[in-house]
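With mmCIF, C-alpha atoms inside, this is query_6.cif:
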data_data
#
loop_
_atom_site.label_atom_id
_atom_site.label_comp_id
_atom_site.auth_asym_id
_atom_site.auth_seq_id
_atom_site.Cartn_x
_atom_site.Cartn_y
_atom_site.Cartn_z
CA MET Q 1 -4.26 -48.04 15.18
CA LYS Q 2 -7.14 -50.23 16.31
CA ALA Q 3 -8.13 -53.76 15.29
CA LEU Q 4 -11.10 -55.96 16.12
CA ILE Q 5 -10.73 -59.74 15.95
CA ILE Q 6 -13.92 -61.76 15.72
CA GLY Q 7 -12.68 -64.80 17.55
CA GLY Q 8 -9.45 -64.28 19.46
CA SER Q 9 -9.24 -67.21 21.85
CA GLY Q 10 -8.85 -70.11 19.43
CA GLY Q 11 -5.71 -71.56 17.85
CA LEU Q 12 -5.57 -69.36 14.76
CA SER Q 13 -7.41 -66.34 16.14
CA GLY Q 14 -5.45 -66.41 19.39
CA MET Q 15 -2.14 -66.34 17.53
CA LEU Q 16 -3.42 -63.54 15.29
CA ALA Q 17 -4.48 -61.53 18.35
CA SER Q 18 -1.05 -61.98 19.91
CA MET Q 19 0.73 -60.87 16.74
CA ALA Q 20 -1.65 -57.97 16.12
CA LYS Q 21 -0.74 -56.44 19.48
CA GLU Q 22 2.63 -55.52 18.02
CA THR Q 23 0.92 -53.04 15.68
CA TYR Q 24 -2.63 -52.46 16.92
CA GLU Q 25 -4.67 -51.81 19.99
CA VAL Q 26 -6.68 -55.03 19.90
CA TRP Q 27 -10.27 -55.89 20.77
CA ALA Q 28 -11.54 -59.50 20.53
CA LEU Q 29 -15.14 -60.65 20.29
CA THR Q 30 -15.64 -64.11 21.84
CA ARG Q 31 -18.23 -65.97 23.91
CA GLY Q 32 -16.05 -65.30 26.96
CA LYS Q 33 -15.45 -68.96 27.73
CA ARG Q 34 -11.66 -68.90 27.33
CA PRO Q 35 -9.11 -66.34 28.49
CA LEU Q 36 -7.67 -63.78 26.09
CA GLY Q 37 -4.06 -62.73 25.90
CA ALA Q 38 -2.77 -59.93 28.08
CA GLY Q 39 -3.72 -56.46 26.90
CA ILE Q 40 -6.56 -57.58 24.62
CA ILE Q 41 -9.85 -55.76 25.24
CA PRO Q 42 -12.76 -58.22 25.46
CA LEU Q 43 -16.16 -57.99 23.81
CA CYS Q 44 -18.63 -60.77 24.56
CA ALA Q 45 -21.28 -62.24 22.24
CA ASP Q 46 -22.22 -65.55 20.64
CA ARG Q 47 -21.55 -65.45 16.92
CA ASP Q 48 -24.83 -67.22 16.21
CA ASP Q 49 -26.83 -64.67 18.22
CA ARG Q 50 -27.45 -62.09 15.49
CA GLU Q 51 -28.79 -59.35 17.74
CA GLY Q 52 -26.23 -60.00 20.46
CA PHE Q 53 -23.42 -59.82 17.90
CA LYS Q 54 -24.71 -56.51 16.57
CA LYS Q 55 -25.24 -55.02 20.03
CA ALA Q 56 -21.75 -55.99 21.26
CA ILE Q 57 -19.96 -54.47 18.28
CA LEU Q 58 -21.98 -51.29 17.85
CA GLY Q 59 -22.20 -50.82 21.61
CA ALA Q 60 -18.43 -50.70 21.95
CA GLY Q 61 -18.47 -47.21 20.43
CA VAL Q 62 -15.18 -47.81 18.60
CA THR Q 63 -14.13 -47.30 14.98
CA TRP Q 64 -11.53 -49.91 14.03
CA ASP Q 65 -8.92 -49.54 11.29
CA VAL Q 66 -9.36 -53.21 10.42
CA VAL Q 67 -11.55 -56.14 11.44
CA PHE Q 68 -10.31 -59.74 11.20
CA ASP Q 69 -13.12 -62.30 11.11
CA CYS Q 70 -11.60 -65.65 12.06
CA ILE Q 71 -14.91 -67.46 12.61
CA CYS Q 72 -16.94 -66.53 9.53
CA MET Q 73 -18.13 -70.07 8.89
CA ASN Q 74 -21.20 -69.74 6.66
CA GLU Q 75 -23.39 -67.37 4.67
CA ARG Q 76 -25.29 -66.23 7.76
CA HIS Q 77 -22.06 -65.00 9.34
CA ALA Q 78 -21.10 -63.18 6.13
CA GLU Q 79 -24.47 -61.45 6.10
CA GLN Q 80 -23.88 -60.40 9.72
CA ASP Q 81 -20.57 -58.83 8.76
CA LEU Q 82 -22.10 -56.85 5.92
CA GLU Q 83 -24.97 -55.72 8.13
CA VAL Q 84 -22.87 -54.50 11.07
CA LEU Q 85 -19.23 -53.87 10.19
CA PRO Q 86 -19.61 -50.99 7.68
CA PHE Q 87 -20.69 -48.85 10.64
CA VAL Q 88 -17.46 -49.48 12.57
CA SER Q 89 -14.71 -50.08 9.97
CA SER Q 90 -13.83 -49.74 6.30
CA ARG Q 91 -11.58 -52.82 6.10
CA LEU Q 92 -12.47 -56.49 6.72
CA VAL Q 93 -10.18 -59.50 6.40
CA VAL Q 94 -12.06 -62.83 6.39
CA ILE Q 95 -10.33 -66.13 7.07
CA SER Q 96 -11.69 -68.63 4.56
CA THR Q 97 -9.92 -71.87 3.58
CA ASP Q 98 -8.34 -73.58 0.60
CA SER Q 99 -10.88 -76.35 1.21
CA VAL Q 100 -13.24 -74.32 -1.00
CA TYR Q 101 -11.38 -75.85 -3.96
CA ASP Q 102 -12.90 -79.14 -5.07
CA PRO Q 103 -10.37 -81.71 -3.78
CA ALA Q 104 -10.89 -84.04 -6.74
CA LEU Q 105 -9.82 -81.25 -9.10
CA LYS Q 106 -7.27 -79.43 -6.95
CA ALA Q 107 -3.92 -78.56 -8.48
CA THR Q 108 -0.59 -78.76 -6.69
CA PRO Q 109 0.30 -75.97 -6.23
CA GLN Q 110 -3.16 -74.40 -6.42
CA ALA Q 111 -3.65 -71.03 -8.13
CA GLU Q 112 -6.31 -68.63 -6.92
CA ASP Q 113 -8.50 -69.57 -9.85
CA GLY Q 114 -9.86 -73.10 -9.90
CA PHE Q 115 -12.75 -75.50 -9.43
CA PHE Q 116 -14.83 -74.93 -6.32
CA VAL Q 117 -17.03 -76.96 -4.02
CA GLU Q 118 -20.65 -75.95 -4.59
CA GLU Q 119 -23.38 -77.17 -2.25
CA LYS Q 120 -27.00 -76.29 -1.62
CA GLY Q 121 -28.93 -76.20 1.63
CA ALA Q 122 -28.87 -74.58 5.06
CA PRO Q 123 -25.57 -74.34 6.97
CA GLU Q 124 -26.60 -77.34 9.05
CA GLU Q 125 -26.90 -79.40 5.88
CA CYS Q 126 -23.60 -78.42 4.24
CA SER Q 127 -20.02 -79.48 4.79
CA TYR Q 128 -17.27 -77.27 6.20
CA ALA Q 129 -15.98 -76.58 2.68
CA GLY Q 130 -19.44 -76.02 1.25
CA ASN Q 131 -20.32 -73.52 3.95
CA LYS Q 132 -17.07 -71.63 3.51
CA ARG Q 133 -17.62 -71.33 -0.24
CA LYS Q 134 -21.19 -70.13 0.28
CA MET Q 135 -19.81 -67.57 2.73
CA GLU Q 136 -17.38 -66.31 0.08
CA ASN Q 137 -20.19 -66.01 -2.43
CA VAL Q 138 -22.07 -63.62 -0.14
CA PHE Q 139 -19.15 -61.18 -0.34
CA LEU Q 140 -18.71 -61.72 -4.08
CA ARG Q 141 -22.36 -60.93 -4.70
CA TYR Q 142 -22.05 -57.84 -2.50
CA PHE Q 143 -19.36 -56.39 -4.75
CA SER Q 144 -21.02 -57.47 -7.98
CA GLY Q 145 -24.07 -55.35 -7.21
CA GLU Q 146 -24.57 -51.66 -7.78
CA GLY Q 147 -24.43 -48.94 -5.18
CA GLU Q 148 -21.96 -47.84 -2.55
CA HIS Q 149 -19.70 -50.43 -0.96
CA ARG Q 150 -18.46 -49.01 2.31
CA LEU Q 151 -16.55 -52.09 3.38
CA ASN Q 152 -13.37 -53.28 1.63
CA VAL Q 153 -13.03 -57.05 2.00
CA THR Q 154 -10.14 -59.49 1.63
CA LEU Q 155 -10.85 -63.23 1.60
CA PHE Q 156 -7.81 -65.17 2.74
CA ARG Q 157 -7.59 -68.90 1.98
CA PRO Q 158 -4.96 -70.55 4.17
CA GLY Q 159 -4.07 -74.18 3.64
CA HIS Q 160 -4.42 -76.91 6.23
CA ILE Q 161 -3.23 -75.62 9.62
CA TYR Q 162 -1.37 -78.03 11.89
CA GLY Q 163 -0.64 -77.81 15.59
CA PRO Q 164 -2.36 -78.20 18.97
CA GLY Q 165 -6.12 -78.01 18.62
CA PHE Q 166 -6.15 -78.71 14.86
CA LEU Q 167 -7.02 -81.98 13.15
CA LEU Q 168 -4.44 -83.77 11.04
CA GLY Q 169 -5.12 -84.61 7.44
CA CYS Q 170 -4.22 -84.78 3.80
CA TYR Q 171 -6.65 -84.26 0.92
CA PRO Q 172 -8.29 -85.75 -1.09
CA GLU Q 173 -9.77 -88.31 1.31
CA HIS Q 174 -8.23 -87.65 4.71
CA SER Q 175 -8.56 -83.92 5.27
CA ARG Q 176 -9.15 -82.95 8.90
CA GLN Q 177 -9.77 -86.54 9.89
CA LYS Q 178 -9.97 -87.13 13.63
CA GLU Q 179 -9.17 -90.84 13.37
CA LEU Q 180 -6.19 -90.37 11.01
CA PRO Q 181 -3.47 -91.08 13.65
CA ASP Q 182 -5.23 -94.35 14.54
CA LEU Q 183 -5.34 -95.37 10.86
CA ILE Q 184 -1.61 -94.69 10.52
CA LEU Q 185 -0.74 -96.64 13.69
CA ALA Q 186 -2.91 -99.53 12.48
CA GLY Q 187 -1.03 -99.64 9.17
CA GLN Q 188 -4.13 -98.92 7.11
CA PRO Q 189 -3.63 -97.76 3.51
CA LEU Q 190 -4.08 -94.04 2.92
CA SER Q 191 -4.85 -92.00 -0.21
CA LEU Q 192 -2.35 -89.12 -0.35
CA VAL Q 193 -2.17 -86.07 -2.59
CA THR Q 194 -0.03 -86.83 -5.67
CA GLY Q 195 0.38 -90.34 -4.30
CA GLY Q 196 2.60 -89.03 -1.51
CA ILE Q 197 5.35 -87.99 -3.92
CA PRO Q 198 6.72 -84.47 -3.19
CA ALA Q 199 6.28 -81.91 -5.96
CA GLY Q 200 9.07 -82.12 -8.54
CA LEU Q 201 10.38 -85.49 -7.36
CA ARG Q 202 10.50 -88.13 -10.11
CA PRO Q 203 12.04 -91.30 -8.66
CA ARG Q 204 12.79 -94.29 -10.87
CA SER Q 205 10.17 -96.95 -11.44
CA GLY Q 206 10.18 -99.74 -8.91
CA THR Q 207 11.44 -97.69 -5.94
CA HIS Q 208 10.13 -98.88 -2.58
CA TYR Q 209 8.52 -96.32 -0.27
CA ALA Q 210 7.69 -97.47 3.23
CA GLY Q 211 4.80 -95.62 4.80
CA LEU Q 212 2.84 -94.91 1.60
CA GLY Q 213 -0.21 -97.09 1.99
CA LYS Q 214 1.07 -100.42 3.23
CA PRO Q 215 4.75 -100.51 4.31
CA GLY Q 216 7.05 -101.42 1.44
CA ARG Q 217 4.37 -100.88 -1.18
CA ARG Q 218 5.82 -100.88 -4.72
CA LEU Q 219 4.57 -97.82 -6.58
CA SER Q 220 3.71 -98.12 -10.25
CA ALA Q 221 5.72 -96.32 -12.90
CA ASP Q 222 2.62 -94.35 -13.88
CA LEU Q 223 2.24 -93.02 -10.32
CA LEU Q 224 5.92 -92.34 -9.79
CA HIS Q 225 6.30 -90.27 -12.95
CA ARG Q 226 3.08 -88.26 -12.65
CA ARG Q 227 3.78 -84.64 -11.95
CA PRO Q 228 1.42 -82.74 -9.61
CA GLY Q 229 -1.23 -80.90 -11.60
CA GLY Q 230 -0.23 -82.50 -14.89
CA GLY Q 231 -1.74 -85.51 -16.61
CA GLY Q 232 -3.40 -88.54 -15.19
CA LYS Q 233 -6.84 -88.85 -13.71
CA PRO Q 234 -7.72 -86.79 -10.63
CA PRO Q 235 -8.06 -88.69 -7.34
CA VAL Q 236 -11.43 -90.29 -6.79
CA LEU Q 237 -13.47 -89.24 -3.75
CA ARG Q 238 -15.95 -91.44 -1.96
CA ASN Q 239 -18.44 -88.58 -1.91
CA PRO Q 240 -17.20 -85.94 -4.36
CA GLY Q 241 -19.04 -82.62 -4.29
CA LYS Q 242 -20.31 -80.87 -7.37
CA ALA Q 243 -17.55 -78.90 -9.04
CA SER Q 244 -17.98 -75.63 -10.84
CA ARG Q 245 -15.54 -73.42 -12.69
CA CYS Q 246 -15.10 -69.86 -11.49
CA GLY Q 247 -12.57 -67.72 -13.31
CA ASN Q 248 -13.36 -64.18 -12.24
CA HIS Q 249 -10.73 -63.77 -9.55
CA HIS Q 250 -8.08 -61.11 -9.22
CA THR Q 251 -4.43 -62.08 -9.07
CA GLY Q 252 -3.05 -63.89 -6.08
CA THR Q 253 -2.55 -67.49 -5.03
CA ALA Q 254 -3.39 -67.62 -1.32
CA SER Q 255 -6.19 -65.12 -1.07
CA HIS Q 256 -8.98 -63.47 -2.98
CA ARG Q 257 -8.76 -59.71 -2.70
CA ILE Q 258 -11.87 -57.69 -3.39
CA PRO Q 259 -11.07 -54.04 -4.13
#
Translate the structure of the given file into structure tokens.
Amino acid sequence: MKALIIGGSGGLSGMLASMAKETYEVWALTRGKRPLGAGIIPLCADRDDREGFKKAILGAGVTWDVVFDCICMNERHAEQDLEVLPFVSSRLVVISTDSVYDPALKATPQAEDGFFVEEKGAPEECSYAGNKRKMENVFLRYFSGEGEHRLNVTLFRPGHIYGPGFLLGCYPEHSRQKELPDLILAGQPLSLVTGGIPAGLRPRSGTHYAGLGKPGRRLSADLLHRRPGGGGKPPVLRNPGKASRCGNHHTGTASHRIP
């Protein structure tokens, strides 16, 4: 079987390419600036060069069993996929993100259904989360229309990825925050999801927790006994995005599968 990875030299896409080799003959489309793993067949194009992207993929003369798009960052990229990929494959897996859920209204754990970040404007004017959600909407509109749909699409929403090359973070206010380690070392107070209390843990009122906000901070009884996703006010963001309710998803908690 044959697989194309759009990306293939980054942290996530590089690991995916390495794992895919166990099952597939693997091609990877990158800008050619970083080496690929052994045995991966290179294709070279800049993702933001629409004609170059199309030429590289169609010019390869290959029909792939599956395409993994690891760098589909905005609606323009989604439109590229729908324009080009139906000619070379019938299956597309797109790496989205769980950041598409509005962080002020996010549940813990988060079901597939929920409140989403909704932004307007060009990709240059939108946030990472806003662009990813607009990208998803391109595919959703594609399948809501009439006519033949030659490309089956799965949108996968992984959570925050940690490791070399990835930014640290914790929503609601510190997601993918470059300066987060410096804030921690400086002893600055942080706003953590569910107040930093692990899901299901209900310690007694008055317990001291070093490291949550200022060392030795005494947590209130209201905070200590609040279960994730149940009761209490949602965390307040400095710049909360507009939230909208979308309930037309198929089953699943980590991904949105479009038949």
For Ala129 of chain Q, work out the shell of residues within 9 Å, counting all atoms listed in the file and skipping chain neighbours fewer than 2 positions away, then give it as number ranges by chain.
Q: 97-102, 117-119, 126-127, 131-134
With the PyMOL selection byres ((chain Q and resi 153) around 12) as the selection, what would be picked from this file? Answer as a PyMOL selection string, please.
chain Q and resi 66-69+78+81-82+85-86+89-96+136+138-140+142-143+149-152+154-156+255-259
Closest atom pairs, residues of segment 30-135 of chain Q within 10 Å of segment 4-20 of chain Q, only C-alpha atoms, as CSV:
residue,atom,partner,partner_atom,distance
Q:Thr30,CA,Q:Gly7,CA,5.3
Q:Arg31,CA,Q:Gly7,CA,8.5
Q:Gly32,CA,Q:Ser9,CA,8.7
Q:Lys33,CA,Q:Ser9,CA,8.7
Q:Arg34,CA,Q:Ser9,CA,6.2
Q:Pro35,CA,Q:Ser9,CA,6.7
Q:Leu36,CA,Q:Ser9,CA,5.7
Q:Gly37,CA,Q:Ser18,CA,6.7
Q:Ala38,CA,Q:Ser18,CA,8.6
Q:Gly39,CA,Q:Ser18,CA,9.3
Q:Ile40,CA,Q:Ala17,CA,7.7
Q:Ile41,CA,Q:Leu4,CA,9.2
Q:Pro42,CA,Q:Gly8,CA,9.1
Q:Leu43,CA,Q:Ile6,CA,9.2
Q:Ala45,CA,Q:Ile6,CA,9.8
Q:Arg47,CA,Q:Ile6,CA,8.6
Q:Phe53,CA,Q:Ile6,CA,9.9
Q:Ile57,CA,Q:Leu4,CA,9.2
Q:Val62,CA,Q:Leu4,CA,9.4
Q:Thr63,CA,Q:Leu4,CA,9.2
Q:Trp64,CA,Q:Leu4,CA,6.4
Q:Asp65,CA,Q:Leu4,CA,8.3
Q:Val66,CA,Q:Leu4,CA,6.6
Q:Val67,CA,Q:Leu4,CA,4.7
Q:Phe68,CA,Q:Ile5,CA,4.8
Q:Asp69,CA,Q:Ile6,CA,4.7
Q:Cys70,CA,Q:Gly7,CA,5.7
Q:Ile71,CA,Q:Gly7,CA,6.0
Q:Cys72,CA,Q:Ile6,CA,8.4
Q:Val88,CA,Q:Leu4,CA,9.7
Q:Ser89,CA,Q:Leu4,CA,9.2
Q:Leu92,CA,Q:Leu4,CA,9.5
Q:Val93,CA,Q:Ile5,CA,9.6
Q:Val94,CA,Q:Ile6,CA,9.6
Q:Ile95,CA,Q:Ser13,CA,9.5
Measure the distance from atom CA of Asn74 of chain Q to atom CA of Pro181 of chain Q in Å and round it to one decimal.
28.6 Å
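Here atom CA of Gln188 of chain Q and atom CA of His160 of chain Q stand 22.0 Å from one another.
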Between atom CA of His174 of chain Q and atom CA of Ser191 of chain Q, what distance in Å does the model show, to one decimal?
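Going from atom CA of His174 of chain Q over to atom CA of Ser191 of chain Q, I get 7.4 Å.
Each of Q:Gly145, Q:Gly130, Q:Pro164, Q:Pro158 was compared to Glu112 of chain Q using all atoms listed in the file, and Q:Pro158 turns out to be the nearest.
For the residues Q:Cys170, Q:Met73, Q:Leu105, Q:Ile161, ranking by smallest atom-to-atom distance to Glu124 of chain Q using only C-alpha atoms places Q:Met73 first.
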What would segment 154-168 of chain Q look like with N, CA, C and O atoms restored, written as a JSON list (two decimals), in the frame of the given file?
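Writing done, so here's selection24.json:
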[["chain", "number", "residue", "atom", "x", "y", "z"],
["Q", 154, "THR", "N", -11.13, -58.54, 2.13],
["Q", 154, "THR", "CA", -10.14, -59.49, 1.63],
["Q", 154, "THR", "C", -10.51, -60.87, 2.14],
["Q", 154, "THR", "O", -10.69, -61.06, 3.35],
["Q", 155, "LEU", "N", -10.64, -61.83, 1.23],
["Q", 155, "LEU", "CA", -10.85, -63.23, 1.60],
["Q", 155, "LEU", "C", -9.51, -63.94, 1.54],
["Q", 155, "LEU", "O", -8.88, -63.99, 0.48],
["Q", 156, "PHE", "N", -9.10, -64.49, 2.65],
["Q", 156, "PHE", "CA", -7.81, -65.17, 2.74],
["Q", 156, "PHE", "C", -8.05, -66.67, 2.87],
["Q", 156, "PHE", "O", -8.81, -67.11, 3.73],
["Q", 157, "ARG", "N", -7.39, -67.46, 2.00],
["Q", 157, "ARG", "CA", -7.59, -68.90, 1.98],
["Q", 157, "ARG", "C", -6.33, -69.64, 2.44],
["Q", 157, "ARG", "O", -5.53, -70.09, 1.60],
["Q", 158, "PRO", "N", -6.13, -69.79, 3.72],
["Q", 158, "PRO", "CA", -4.96, -70.55, 4.17],
["Q", 158, "PRO", "C", -5.14, -72.03, 3.89],
["Q", 158, "PRO", "O", -6.27, -72.53, 3.76],
["Q", 159, "GLY", "N", -4.02, -72.73, 3.79],
["Q", 159, "GLY", "CA", -4.07, -74.18, 3.64],
["Q", 159, "GLY", "C", -4.34, -74.84, 4.99],
["Q", 159, "GLY", "O", -4.68, -74.18, 5.97],
["Q", 160, "HIS", "N", -4.16, -76.13, 5.01],
["Q", 160, "HIS", "CA", -4.42, -76.91, 6.23],
["Q", 160, "HIS", "C", -3.46, -76.44, 7.33],
["Q", 160, "HIS", "O", -2.25, -76.39, 7.13],
["Q", 161, "ILE", "N", -4.01, -76.11, 8.48],
["Q", 161, "ILE", "CA", -3.23, -75.62, 9.62],
["Q", 161, "ILE", "C", -2.99, -76.77, 10.59],
["Q", 161, "ILE", "O", -3.93, -77.45, 10.99],
["Q", 162, "TYR", "N", -1.73, -76.96, 10.96],
["Q", 162, "TYR", "CA", -1.37, -78.03, 11.89],
["Q", 162, "TYR", "C", -0.95, -77.44, 13.23],
["Q", 162, "TYR", "O", -0.51, -76.30, 13.31],
["Q", 163, "GLY", "N", -1.05, -78.25, 14.27],
["Q", 163, "GLY", "CA", -0.64, -77.81, 15.59],
["Q", 163, "GLY", "C", -1.68, -78.19, 16.63],
["Q", 163, "GLY", "O", -2.73, -78.76, 16.31],
["Q", 164, "PRO", "N", -1.41, -77.87, 17.90],
["Q", 164, "PRO", "CA", -2.36, -78.20, 18.97],
["Q", 164, "PRO", "C", -3.74, -77.62, 18.69],
["Q", 164, "PRO", "O", -3.88, -76.45, 18.36],
["Q", 165, "GLY", "N", -4.75, -78.46, 18.82],
["Q", 165, "GLY", "CA", -6.12, -78.01, 18.62],
["Q", 165, "GLY", "C", -6.63, -78.17, 17.20],
["Q", 165, "GLY", "O", -7.82, -77.96, 16.94],
["Q", 166, "PHE", "N", -5.75, -78.54, 16.26],
["Q", 166, "PHE", "CA", -6.15, -78.71, 14.86],
["Q", 166, "PHE", "C", -6.10, -80.18, 14.48],
["Q", 166, "PHE", "O", -5.24, -80.92, 14.96],
["Q", 167, "LEU", "N", -7.00, -80.60, 13.62],
["Q", 167, "LEU", "CA", -7.02, -81.98, 13.15],
["Q", 167, "LEU", "C", -5.96, -82.21, 12.07],
["Q", 167, "LEU", "O", -5.71, -81.34, 11.26],
["Q", 168, "LEU", "N", -5.39, -83.40, 12.08],
["Q", 168, "LEU", "CA", -4.44, -83.77, 11.04],
["Q", 168, "LEU", "C", -5.19, -84.06, 9.75],
["Q", 168, "LEU", "O", -6.41, -84.15, 9.72]]
